[in-house]
file data.cif (mmCIF, C-alpha atoms)
data_run
loop_
_atom_site.group_PDB
_atom_site.id
_atom_site.type_symbol
_atom_site.label_atom_id
_atom_site.label_comp_id
_atom_site.auth_asym_id
_atom_site.auth_seq_id
_atom_site.Cartn_x
_atom_site.Cartn_y
_atom_site.Cartn_z
ATOM 1 C CA MET C 1 -33.251 63.746 -29.113
ATOM 2 C CA LYS C 2 -32.321 67.378 -29.091
ATOM 3 C CA ILE C 3 -30.554 69.212 -26.275
ATOM 4 C CA ILE C 4 -30.615 72.987 -26.585
ATOM 5 C CA TYR C 5 -27.986 74.794 -24.549
ATOM 6 C CA VAL C 6 -29.007 78.393 -23.746
ATOM 7 C CA HIS C 7 -26.608 80.807 -22.115
ATOM 8 C CA HIS C 8 -28.382 82.900 -19.481
ATOM 9 C CA ALA C 9 -29.426 86.422 -20.477
ATOM 10 C CA GLN C 10 -27.008 89.321 -19.990
ATOM 11 C CA ARG C 11 -25.960 89.403 -16.370
ATOM 12 C CA ASP C 12 -26.491 92.469 -14.210
ATOM 13 C CA LYS C 13 -23.372 92.050 -12.089
ATOM 14 C CA GLY C 14 -23.511 93.043 -8.469
ATOM 15 C CA HIS C 15 -20.514 94.430 -6.655
ATOM 16 C CA PRO C 16 -19.208 91.912 -5.832
ATOM 17 C CA SER C 17 -20.811 89.422 -8.226
ATOM 18 C CA THR C 18 -23.044 86.799 -6.611
ATOM 19 C CA GLN C 19 -25.256 83.854 -7.494
ATOM 20 C CA GLU C 20 -28.207 86.196 -7.063
ATOM 21 C CA ASP C 21 -27.176 88.645 -9.809
ATOM 22 C CA GLY C 22 -30.135 89.412 -12.050
ATOM 23 C CA ILE C 23 -30.315 90.196 -15.751
ATOM 24 C CA THR C 24 -30.239 93.549 -17.506
ATOM 25 C CA ALA C 25 -33.080 95.149 -19.477
ATOM 26 C CA LEU C 26 -31.264 94.124 -22.668
ATOM 27 C CA GLY C 27 -30.984 90.590 -21.255
ATOM 28 C CA ILE C 28 -34.746 90.487 -20.734
ATOM 29 C CA LYS C 29 -35.289 91.452 -24.379
ATOM 30 C CA ASP C 30 -32.769 88.819 -25.497
ATOM 31 C CA ALA C 31 -34.571 86.151 -23.439
ATOM 32 C CA GLU C 32 -37.896 87.184 -24.988
ATOM 33 C CA ILE C 33 -36.400 86.798 -28.490
ATOM 34 C CA VAL C 34 -35.045 83.333 -27.636
ATOM 35 C CA ALA C 35 -38.452 82.456 -26.141
ATOM 36 C CA GLU C 36 -40.100 83.382 -29.427
ATOM 37 C CA LEU C 37 -37.597 81.280 -31.412
ATOM 38 C CA LEU C 38 -38.128 78.315 -29.110
ATOM 39 C CA SER C 39 -41.906 78.665 -29.291
ATOM 40 C CA LYS C 40 -41.682 78.359 -33.093
ATOM 41 C CA LEU C 41 -39.477 75.274 -32.700
ATOM 42 C CA ASN C 42 -41.962 73.915 -30.162
ATOM 43 C CA GLU C 43 -44.671 73.942 -32.850
ATOM 44 C CA LYS C 44 -42.596 71.462 -34.899
ATOM 45 C CA GLN C 45 -40.510 69.584 -32.369
ATOM 46 C CA LYS C 46 -42.120 69.481 -28.942
ATOM 47 C CA ILE C 47 -39.995 70.858 -26.116
ATOM 48 C CA THR C 48 -40.448 68.630 -23.070
ATOM 49 C CA ALA C 49 -38.675 70.463 -20.237
ATOM 50 C CA ILE C 50 -36.241 73.175 -19.195
ATOM 51 C CA TYR C 51 -33.320 72.406 -16.876
ATOM 52 C CA SER C 52 -31.683 75.427 -15.292
ATOM 53 C CA SER C 53 -28.833 76.256 -12.990
ATOM 54 C CA PRO C 54 -30.356 77.532 -9.721
ATOM 55 C CA PHE C 55 -28.416 80.802 -10.099
ATOM 56 C CA PHE C 56 -30.982 83.596 -10.239
ATOM 57 C CA ARG C 57 -29.932 84.855 -13.695
ATOM 58 C CA CYS C 58 -30.438 81.357 -15.145
ATOM 59 C CA MET C 59 -33.784 80.793 -13.427
ATOM 60 C CA GLU C 60 -34.995 84.221 -14.571
ATOM 61 C CA THR C 61 -33.937 83.472 -18.151
ATOM 62 C CA SER C 62 -35.770 80.127 -17.897
ATOM 63 C CA ARG C 63 -38.880 81.846 -16.530
ATOM 64 C CA ILE C 64 -38.985 84.310 -19.420
ATOM 65 C CA ILE C 65 -38.476 81.557 -21.998
ATOM 66 C CA ASN C 66 -41.131 79.438 -20.358
ATOM 67 C CA LEU C 67 -43.741 82.182 -20.713
ATOM 68 C CA LYS C 68 -43.871 81.133 -24.393
ATOM 69 C CA ILE C 69 -43.435 77.353 -24.203
ATOM 70 C CA ASN C 70 -45.058 76.411 -20.863
ATOM 71 C CA VAL C 71 -43.167 73.243 -19.890
ATOM 72 C CA PRO C 72 -41.857 71.994 -16.530
ATOM 73 C CA VAL C 73 -38.748 73.837 -15.288
ATOM 74 C CA PHE C 74 -36.284 71.933 -13.105
ATOM 75 C CA GLN C 75 -33.372 73.326 -11.145
ATOM 76 C CA GLU C 76 -30.179 71.409 -11.872
ATOM 77 C CA PRO C 77 -27.463 72.417 -9.364
ATOM 78 C CA ARG C 78 -24.828 70.538 -11.357
ATOM 79 C CA PHE C 79 -25.239 73.244 -14.030
ATOM 80 C CA ASN C 80 -23.717 75.823 -11.676
ATOM 81 C CA GLU C 81 -20.576 77.635 -12.750
ATOM 82 C CA PHE C 82 -17.018 76.382 -12.522
ATOM 83 C CA GLY C 83 -15.606 76.749 -9.036
ATOM 84 C CA SER C 84 -19.022 77.085 -7.389
ATOM 85 C CA VAL C 85 -19.053 73.520 -6.031
ATOM 86 C CA ALA C 86 -16.764 72.319 -3.266
ATOM 87 C CA LEU C 87 -15.427 68.805 -3.642
ATOM 88 C CA THR C 88 -15.604 66.458 -0.692
ATOM 89 C CA LEU C 89 -12.916 64.183 0.604
ATOM 90 C CA ASN C 90 -13.567 61.974 3.622
ATOM 91 C CA ASN C 91 -17.049 63.497 3.980
ATOM 92 C CA GLU C 92 -15.646 67.011 4.375
ATOM 93 C CA ALA C 93 -15.727 69.884 1.905
ATOM 94 C CA SER C 94 -12.067 70.280 1.147
ATOM 95 C CA HIS C 95 -11.370 72.355 -1.911
ATOM 96 C CA LYS C 96 -12.921 73.870 -4.984
ATOM 97 C CA GLU C 97 -13.231 71.727 -8.040
ATOM 98 C CA ASN C 98 -10.804 71.879 -10.912
ATOM 99 C CA TRP C 99 -11.860 72.467 -14.519
ATOM 100 C CA SER C 100 -11.926 68.739 -15.401
ATOM 101 C CA SER C 101 -14.116 67.963 -12.385
ATOM 102 C CA CYS C 102 -16.516 70.727 -13.421
ATOM 103 C CA GLN C 103 -16.831 69.205 -16.892
ATOM 104 C CA ASP C 104 -17.452 65.748 -15.404
ATOM 105 C CA ARG C 105 -20.157 67.163 -13.102
ATOM 106 C CA ILE C 106 -21.994 68.802 -15.990
ATOM 107 C CA LYS C 107 -21.603 65.744 -18.235
ATOM 108 C CA GLN C 108 -23.155 63.544 -15.550
ATOM 109 C CA ALA C 109 -26.090 65.938 -15.241
ATOM 110 C CA LEU C 110 -26.601 65.747 -19.005
ATOM 111 C CA LEU C 111 -26.403 61.946 -18.989
ATOM 112 C CA ASP C 112 -29.021 61.819 -16.235
ATOM 113 C CA ILE C 113 -31.284 64.112 -18.271
ATOM 114 C CA ILE C 114 -30.786 62.021 -21.426
ATOM 115 C CA GLN C 115 -31.664 58.860 -19.504
ATOM 116 C CA ASN C 116 -35.007 60.321 -18.378
ATOM 117 C CA TYR C 117 -36.370 61.266 -21.802
ATOM 118 C CA ASP C 118 -37.289 59.669 -25.103
ATOM 119 C CA GLU C 119 -35.518 59.865 -28.432
ATOM 120 C CA ASN C 120 -38.049 62.394 -29.779
ATOM 121 C CA ASP C 121 -37.845 64.794 -26.829
ATOM 122 C CA THR C 122 -36.260 68.233 -26.885
ATOM 123 C CA ILE C 123 -34.766 69.572 -23.659
ATOM 124 C CA VAL C 124 -33.627 73.150 -23.035
ATOM 125 C CA CYS C 125 -30.721 73.648 -20.608
ATOM 126 C CA VAL C 126 -30.118 77.176 -19.280
ATOM 127 C CA THR C 127 -26.726 77.694 -17.716
ATOM 128 C CA SER C 128 -23.613 79.840 -17.861
ATOM 129 C CA GLY C 129 -21.112 80.132 -20.683
ATOM 130 C CA VAL C 130 -18.229 78.143 -19.258
ATOM 131 C CA ASN C 131 -20.447 75.062 -19.115
ATOM 132 C CA LEU C 132 -20.659 74.871 -22.898
ATOM 133 C CA SER C 133 -17.288 73.064 -22.925
ATOM 134 C CA ALA C 134 -18.850 70.136 -21.066
ATOM 135 C CA PHE C 135 -21.794 69.992 -23.499
ATOM 136 C CA ILE C 136 -19.414 69.946 -26.461
ATOM 137 C CA SER C 137 -17.040 67.416 -24.915
ATOM 138 C CA LEU C 138 -19.883 65.017 -24.026
ATOM 139 C CA PHE C 139 -21.665 65.223 -27.363
ATOM 140 C CA TYR C 140 -18.429 64.966 -29.380
ATOM 141 C CA ASN C 141 -16.807 62.375 -27.112
ATOM 142 C CA ILE C 142 -13.902 64.583 -26.040
ATOM 143 C CA PRO C 143 -12.384 63.624 -22.675
ATOM 144 C CA SER C 144 -12.605 66.131 -19.832
ATOM 145 C CA SER C 145 -9.377 68.075 -19.533
ATOM 146 C CA ASP C 146 -7.957 71.051 -17.709
ATOM 147 C CA ASP C 147 -6.688 72.118 -21.153
ATOM 148 C CA LEU C 148 -10.136 72.569 -22.716
ATOM 149 C CA PRO C 149 -10.936 76.245 -23.279
ATOM 150 C CA PHE C 150 -13.624 78.328 -21.624
ATOM 151 C CA PRO C 151 -15.707 79.317 -24.654
ATOM 152 C CA LEU C 152 -16.965 82.872 -24.829
ATOM 153 C CA VAL C 153 -20.717 82.682 -25.369
ATOM 154 C CA PRO C 154 -22.915 85.697 -26.108
ATOM 155 C CA SER C 155 -25.847 86.471 -23.862
ATOM 156 C CA CYS C 156 -28.866 84.212 -24.324
ATOM 157 C CA SER C 157 -27.332 82.213 -27.187
ATOM 158 C CA PRO C 158 -29.189 78.996 -28.021
ATOM 159 C CA ILE C 159 -27.042 76.141 -29.381
ATOM 160 C CA GLY C 160 -28.715 72.901 -30.459
ATOM 161 C CA PHE C 161 -27.256 69.409 -30.238
ATOM 162 C CA ASP C 162 -29.018 66.610 -32.114
ATOM 163 C CA ILE C 163 -28.080 63.357 -30.431
ATOM 164 C CA LYS C 164 -29.058 59.700 -30.501
ATOM 165 C CA LYS C 165 -29.892 58.443 -27.045
ATOM 166 C CA SER C 166 -28.534 55.030 -28.027
ATOM 167 C CA ASP C 167 -25.065 56.581 -28.463
ATOM 168 C CA PHE C 168 -25.059 57.347 -24.737
ATOM 169 C CA LEU C 169 -26.529 54.122 -23.321
ATOM 170 C CA SER C 170 -23.088 52.767 -22.441
ATOM 171 C CA LYS C 171 -22.362 55.933 -20.440
ATOM 172 C CA LEU C 172 -25.678 55.903 -18.573
#
call {"tool": "encode", "arguments": {"input": "data.cif", "output": "structure tokens"}}
result
Amino acid sequence: MKIIYVHHAQRDKGHPSTQEDGITALGIKDAEIVAELLSKLNEKQKITAIYSSPFFRCMETSRIINLKINVPVFQEPRFNEFGSVALTLNNEASHKENWSSCQDRIKQALLDIIQNYDENDTIVCVTSGVNLSAFISLFYNIPSSDDLPFPLVPSCSPIGFDIKKSDFLSKL
């Protein structure tokens, strides 16, 4: 199984920044280049689906990529950025999540995706840069930690992870 993390295209930040920020003209070109790369991969190793954060910049990046590969696109709210999800205690939203909780949220989303696909499937995940830490920590068996860094990821960067589904069965 292959999971391909793709950072959303270059963000066109609003003032103040919001979940509805779009992507720049350069970001559109970057997404088109990644779409072309993924379409070539798709000829050899079939891409099954795209999972995207519902943030507009991620969905727009997914849309552009999907113009070339034409697969189902699913919104995955657990791929939203750090601090964008309120934790609940006693059925009430109480406080924003910490960095470890964010990693756990993203890891669980990835495990759910892995569970739903076959060993030969390739899944593209479009999300923001800070979420790459959770991808790395899950696939390299590194515990979630508030000490893990926020990696700096260039716009529209694809990063592939070759995994064996069987390695994750105990976590599913």
call {"tool": "closest_residue", "arguments": {"input": "data.cif", "among": "C:His7, C:Lys13, C:Lys40, C:Lys2", "to": "Val130 of chain C", "atoms": "all atoms listed in the file"}}
result
C:His7
call {"tool": "closest_residue", "arguments": {"input": "data.cif", "among": "C:Leu26, C:Cys58, C:Tyr51, C:Phe150", "to": "Leu110 of chain C", "atoms": "all atoms listed in the file"}}
result
C:Tyr51
call {"tool": "closest_atom_pairs", "arguments": {"input": "data.cif", "of": "segment 1-45 of chain C", "to": "segment 120-123 of chain C", "cutoff": "9 Å", "atoms": "only C-alpha atoms", "output": "Markdown table"}}
result
| residue | atom | partner | partner_atom | distance |
| --- | --- | --- | --- | --- |
| C:Met1 | CA | C:Asn120 | CA | 5.0 |
| C:Lys2 | CA | C:Thr122 | CA | 4.6 |
| C:Ile3 | CA | C:Ile123 | CA | 5.0 |
| C:Ile4 | CA | C:Ile123 | CA | 6.1 |
| C:Tyr5 | CA | C:Ile123 | CA | 8.6 |
| C:Asn42 | CA | C:Thr122 | CA | 8.7 |
| C:Gln45 | CA | C:Thr122 | CA | 7.1 |
call {"tool": "residues_around", "arguments": {"input": "data.cif", "residues": "Val153 of chain C", "least_positions_apart": "6", "cutoff": "10 Å", "atoms": "only C-alpha atoms", "output": "VMD selection string"}}
result
chain C and resid 6 to 8 128 to 132 159
call {"tool": "closest_residue", "arguments": {"input": "data.cif", "among": "C:Ala109, C:Val126, C:Leu37, C:Ala25", "to": "Phe56 of chain C", "atoms": "all atoms listed in the file"}}
result
C:Val126
call {"tool": "closest_residue", "arguments": {"input": "data.cif", "among": "C:Asp146, C:Thr127, C:Ala9, C:Lys68", "to": "Glu97 of chain C", "atoms": "all atoms listed in the file"}}
result
C:Asp146
call {"tool": "closest_residue", "arguments": {"input": "data.cif", "among": "C:Asn66, C:Ser144, C:Ser166, C:Asn116", "to": "Ser100 of chain C", "atoms": "all atoms listed in the file"}}
result
C:Ser144
call {"tool": "closest_residue", "arguments": {"input": "data.cif", "among": "C:Asp112, C:Glu60, C:Glu119, C:Glu43", "to": "Gly22 of chain C", "atoms": "all atoms listed in the file"}}
result
C:Glu60
call {"tool": "resolve_selection", "arguments": {"input": "data.cif", "expression": "the PyMOL selection byres ((chain C and resi 31) around 8)", "output": "compact mmCIF listing (two decimals) with C-alpha atoms, in the coordinates of the input"}}
result
# COMPACT_ATOMS: atom_id res chain seq x y z
CA ALA C 9 -29.43 86.42 -20.48
CA GLY C 27 -30.98 90.59 -21.26
CA ILE C 28 -34.75 90.49 -20.73
CA LYS C 29 -35.29 91.45 -24.38
CA ASP C 30 -32.77 88.82 -25.50
CA GLU C 32 -37.90 87.18 -24.99
CA ILE C 33 -36.40 86.80 -28.49
CA VAL C 34 -35.04 83.33 -27.64
CA ALA C 35 -38.45 82.46 -26.14
CA THR C 61 -33.94 83.47 -18.15
CA ILE C 64 -38.98 84.31 -19.42
CA ILE C 65 -38.48 81.56 -22.00
CA CYS C 156 -28.87 84.21 -24.32
call {"tool": "atom_distance", "arguments": {"input": "data.cif", "atom1": "atom CA of Thr48 of chain C", "atom2": "atom CA of Tyr117 of chain C"}}
result
8.5 Å
call {"tool": "atom_distance", "arguments": {"input": "data.cif", "atom1": "atom CA of Pro158 of chain C", "atom2": "atom CA of Gln103 of chain C"}}
result
19.3 Å
call {"tool": "build_atoms", "arguments": {"input": "data.cif", "residues": "segment 57-68 of chain C", "atoms": "all heavy atoms", "output": "short mmCIF file (atom, residue, chain, number, x, y, z; two decimals), in the coordinates of the input"}}
result
data_model
loop_
_atom_site.label_atom_id
_atom_site.label_comp_id
_atom_site.auth_asym_id
_atom_site.auth_seq_id
_atom_site.Cartn_x
_atom_site.Cartn_y
_atom_site.Cartn_z
N ARG C 57 -29.92 84.40 -12.30
CA ARG C 57 -29.93 84.86 -13.70
C ARG C 57 -30.37 83.74 -14.65
O ARG C 57 -31.02 84.00 -15.66
CB ARG C 57 -28.58 85.43 -14.10
CG ARG C 57 -27.43 84.44 -14.00
CD ARG C 57 -26.08 85.13 -14.16
NE ARG C 57 -24.98 84.28 -13.79
CZ ARG C 57 -24.51 84.14 -12.56
NH1 ARG C 57 -25.08 84.78 -11.56
NH2 ARG C 57 -23.48 83.35 -12.33
N CYS C 58 -30.02 82.50 -14.32
CA CYS C 58 -30.44 81.36 -15.14
C CYS C 58 -31.92 81.06 -14.94
O CYS C 58 -32.65 80.82 -15.91
CB CYS C 58 -29.59 80.13 -14.80
SG CYS C 58 -27.84 80.34 -15.18
N MET C 59 -32.36 81.06 -13.70
CA MET C 59 -33.78 80.79 -13.43
C MET C 59 -34.67 81.89 -14.03
O MET C 59 -35.75 81.60 -14.55
CB MET C 59 -34.03 80.67 -11.92
CG MET C 59 -33.46 79.39 -11.31
SD MET C 59 -34.12 77.86 -12.03
CE MET C 59 -35.85 77.99 -11.62
N GLU C 60 -34.21 83.13 -13.99
CA GLU C 60 -34.99 84.22 -14.57
C GLU C 60 -35.05 84.09 -16.09
O GLU C 60 -36.09 84.31 -16.71
CB GLU C 60 -34.41 85.58 -14.15
CG GLU C 60 -35.20 86.77 -14.60
CD GLU C 60 -36.61 86.85 -14.03
OE1 GLU C 60 -37.00 86.06 -13.14
OE2 GLU C 60 -37.37 87.75 -14.47
N THR C 61 -33.94 83.72 -16.71
CA THR C 61 -33.94 83.47 -18.15
C THR C 61 -34.90 82.33 -18.48
O THR C 61 -35.70 82.43 -19.42
CB THR C 61 -32.51 83.14 -18.64
OG1 THR C 61 -31.63 84.22 -18.30
CG2 THR C 61 -32.47 82.90 -20.14
N SER C 62 -34.86 81.27 -17.70
CA SER C 62 -35.77 80.13 -17.90
C SER C 62 -37.23 80.55 -17.75
O SER C 62 -38.09 80.12 -18.54
CB SER C 62 -35.46 79.02 -16.88
OG SER C 62 -34.17 78.52 -17.07
N ARG C 63 -37.51 81.38 -16.76
CA ARG C 63 -38.88 81.85 -16.53
C ARG C 63 -39.40 82.61 -17.74
O ARG C 63 -40.52 82.39 -18.21
CB ARG C 63 -38.95 82.71 -15.27
CG ARG C 63 -40.38 83.17 -14.92
CD ARG C 63 -40.38 84.25 -13.86
NE ARG C 63 -39.82 85.51 -14.34
CZ ARG C 63 -40.47 86.36 -15.13
NH1 ARG C 63 -41.67 86.10 -15.57
NH2 ARG C 63 -39.88 87.48 -15.51
N ILE C 64 -38.57 83.51 -18.26
CA ILE C 64 -38.98 84.31 -19.42
C ILE C 64 -39.22 83.41 -20.63
O ILE C 64 -40.22 83.56 -21.34
CB ILE C 64 -37.94 85.41 -19.71
CG1 ILE C 64 -37.93 86.43 -18.57
CG2 ILE C 64 -38.22 86.09 -21.05
CD1 ILE C 64 -36.74 87.38 -18.58
N ILE C 65 -38.31 82.48 -20.87
CA ILE C 65 -38.48 81.56 -22.00
C ILE C 65 -39.76 80.75 -21.82
O ILE C 65 -40.53 80.55 -22.76
CB ILE C 65 -37.24 80.64 -22.13
CG1 ILE C 65 -36.04 81.44 -22.62
CG2 ILE C 65 -37.52 79.45 -23.05
CD1 ILE C 65 -34.71 80.71 -22.54
N ASN C 66 -39.99 80.31 -20.61
CA ASN C 66 -41.13 79.44 -20.36
C ASN C 66 -42.48 80.15 -20.48
O ASN C 66 -43.52 79.48 -20.59
CB ASN C 66 -41.00 78.75 -19.01
CG ASN C 66 -41.76 77.47 -18.95
OD1 ASN C 66 -41.86 76.75 -19.94
ND2 ASN C 66 -42.33 77.17 -17.80
N LEU C 67 -42.49 81.47 -20.47
CA LEU C 67 -43.74 82.18 -20.71
C LEU C 67 -44.31 81.84 -22.08
O LEU C 67 -45.53 81.91 -22.30
CB LEU C 67 -43.53 83.70 -20.59
CG LEU C 67 -43.23 84.22 -19.19
CD1 LEU C 67 -42.84 85.70 -19.24
CD2 LEU C 67 -44.40 83.99 -18.26
N LYS C 68 -43.45 81.46 -23.02
CA LYS C 68 -43.87 81.13 -24.39
C LYS C 68 -44.06 79.63 -24.62
O LYS C 68 -44.82 79.25 -25.51
CB LYS C 68 -42.85 81.65 -25.41
CG LYS C 68 -42.83 83.14 -25.55
CD LYS C 68 -44.01 83.58 -26.40
CE LYS C 68 -43.87 85.04 -26.74
NZ LYS C 68 -44.97 85.48 -27.59
#
